[in-house]
Amino acid sequence: MDEGGGRPRFDPLRDYPLGERRPDLVRTATGLALGELTLDGLRDGAFAAEELRATPQTMRLQAQVARAAGREPLAANLERAAELAGVDGETILAIYTALRPHRSDAAELEAWAVRLESELDAPLNAAFVREAAAQHGRRGLLRR
């Protein structure tokens with residue numbers, strides 16, 4: 001089947017690995033094609049090192065591949081990663097720190113969940129933080 005424009009529909013089982021079988025689906029954040037990313041190009045300044053980061057679209061495709069292969073936990077992790085791809089490292093580190101045992105109380109973790117949903121457009125991560133908060137509560141790992 002065709003997705004329009006003459007390209008075949010994505011098949012997560014047949015099209016893995018994406019870089020070899022469907023490089024047309026792998027693009028950088030600014031739209032560079034996979035074939036345009038070379039060490040020479042990086043050294044010559046043709047693109048910035050940030051262009052080498054996986055994009056949310058690519059991570060979602062990889063999640064489809066993982067799910068089709070029966071690797072649901074990996075698929076869920078990739079989908080959450082796709083939501084966080086545009087979030088700055090300082091915020092990611094703050095969330096990570098908040099999730100560590102005895103670092104946050106239930107209200108602080110709920111505040112992170114609300115921020116993930118409302119400001120960062122990351123509902124899967126918000127659900128993950130809420131699930132972690134519930135587990136921390138059951139195991140006595142919330143800050144008192």
# chains A, B, ... in the order shown; residues from 1 in each chain; ligands from 1
$ residues_around --residues "region 43-48 of chain A" --least-positions-apart "4" --cutoff "12 Å" --atoms "only C-alpha atoms" --output "PyMOL selection string"
chain A and resi 28-33+36-39+52-53
$ residues_around --residues "Gly35 (chain A)" --least-positions-apart "6" --cutoff "12 Å" --atoms "only C-alpha atoms" --output "PyMOL selection string"
chain A and resi 19-20+22-28+41+52
$ write_last_selection --atoms "N, CA and C atoms" --output "tab-separated table (two decimals), in the first residue's frame"
chain	number	residue	atom	x	y	z
A	19	GLY	N	16.93	2.94	9.43
A	19	GLY	CA	18.03	3.60	8.72
A	19	GLY	C	18.46	2.87	7.46
A	20	GLU	N	18.27	1.56	7.44
A	20	GLU	CA	18.63	0.78	6.26
A	20	GLU	C	17.46	0.59	5.31
A	22	ARG	N	14.16	2.09	5.53
A	22	ARG	CA	13.29	3.24	5.27
A	22	ARG	C	13.96	4.55	5.66
A	23	PRO	N	15.13	4.83	5.11
A	23	PRO	CA	15.81	6.07	5.46
A	23	PRO	C	14.98	7.30	5.09
A	24	ASP	N	14.02	7.15	4.19
A	24	ASP	CA	13.15	8.27	3.81
A	24	ASP	C	12.29	8.74	4.98
A	25	LEU	N	12.13	7.90	6.00
A	25	LEU	CA	11.31	8.26	7.16
A	25	LEU	C	12.12	8.91	8.28
A	26	VAL	N	13.44	8.87	8.17
A	26	VAL	CA	14.30	9.39	9.24
A	26	VAL	C	14.83	10.76	8.83
A	27	ARG	N	14.42	11.76	9.59
A	27	ARG	CA	14.84	13.14	9.34
A	27	ARG	C	15.27	13.78	10.66
A	28	THR	N	16.09	14.80	10.55
A	28	THR	CA	16.49	15.54	11.74
A	28	THR	C	15.40	16.56	12.08
A	41	GLY	N	30.55	16.21	7.11
A	41	GLY	CA	29.60	17.33	7.20
A	41	GLY	C	29.61	17.96	8.57
A	52	LEU	N	22.04	15.37	15.29
A	52	LEU	CA	22.21	13.93	15.43
A	52	LEU	C	21.25	13.31	16.45
$ select_by_dssp --residues "region 40-122 of chain A" --states "alpha helix (DSSP H)" --output "PyMOL selection string"
chain A and resi 40-43+56-68+72-84+89-99+106-118
$ residues_around --residues "region 67-83 of chain A" --least-positions-apart "4" --cutoff "6 Å" --atoms "only C-alpha atoms" --output "tab-separated table (two decimals) with C-alpha atoms, in the first residue's frame"
chain	number	residue	atom	x	y	z
A	56	PRO	CA	10.02	12.51	18.31
A	59	MET	CA	11.17	7.56	18.33
A	60	ARG	CA	7.46	6.99	17.65
A	63	ALA	CA	8.00	2.43	19.31
A	122	ALA	CA	3.66	15.07	27.80
A	124	LEU	CA	2.29	9.77	28.97
A	125	ASN	CA	5.04	11.10	31.22
$ atom_distance --atom1 "CA of Ile92 (chain A)" --atom2 "CA of Gly137 (chain A)"
22.0 Å
$ closest_residue --among "A:Ala66, A:Leu13, A:Ala132, A:Leu18" --to "Leu99 (chain A)" --atoms "only C-alpha atoms"
A:Ala132
$ residues_around --residues "region 107-120 of chain A" --least-positions-apart "2" --cutoff "10 Å" --atoms "only C-alpha atoms" --output "compact mmCIF listing (two decimals) with C-alpha atoms, in the first residue's frame"
# COMPACT_ATOMS: atom_id res chain seq x y z
CA GLU A 83 7.28 13.37 24.40
CA LEU A 84 10.41 14.61 26.18
CA GLY A 86 12.11 18.83 23.10
CA VAL A 87 12.37 19.35 26.86
CA ALA A 94 14.78 18.04 37.90
CA ILE A 95 12.05 15.49 37.12
CA ALA A 98 12.04 14.50 42.04
CA LEU A 99 11.31 10.84 41.28
CA ARG A 103 13.12 13.48 47.37
CA SER A 104 9.49 14.59 46.89
CA ASP A 105 6.15 14.38 48.60
CA ALA A 122 3.66 15.07 27.80
CA PRO A 123 0.58 13.19 29.05
CA LEU A 124 2.29 9.77 28.97
CA ASN A 125 5.04 11.10 31.22
CA ALA A 126 2.48 12.73 33.50
CA ALA A 127 0.79 9.34 33.91
CA PHE A 128 4.20 7.77 34.57
CA VAL A 129 4.94 10.32 37.34
CA ARG A 130 1.51 9.69 38.89
CA GLU A 131 2.11 5.94 38.80
CA ALA A 132 5.54 6.42 40.39
CA ALA A 133 4.00 8.65 43.08
CA ALA A 134 1.45 5.96 43.90
CA LEU A 142 7.70 9.72 49.61
CA ARG A 143 9.37 12.54 51.51
$ atom_distance --atom1 "CA of Leu61 (chain A)" --atom2 "CA of Asp40 (chain A)"
27.5 Å
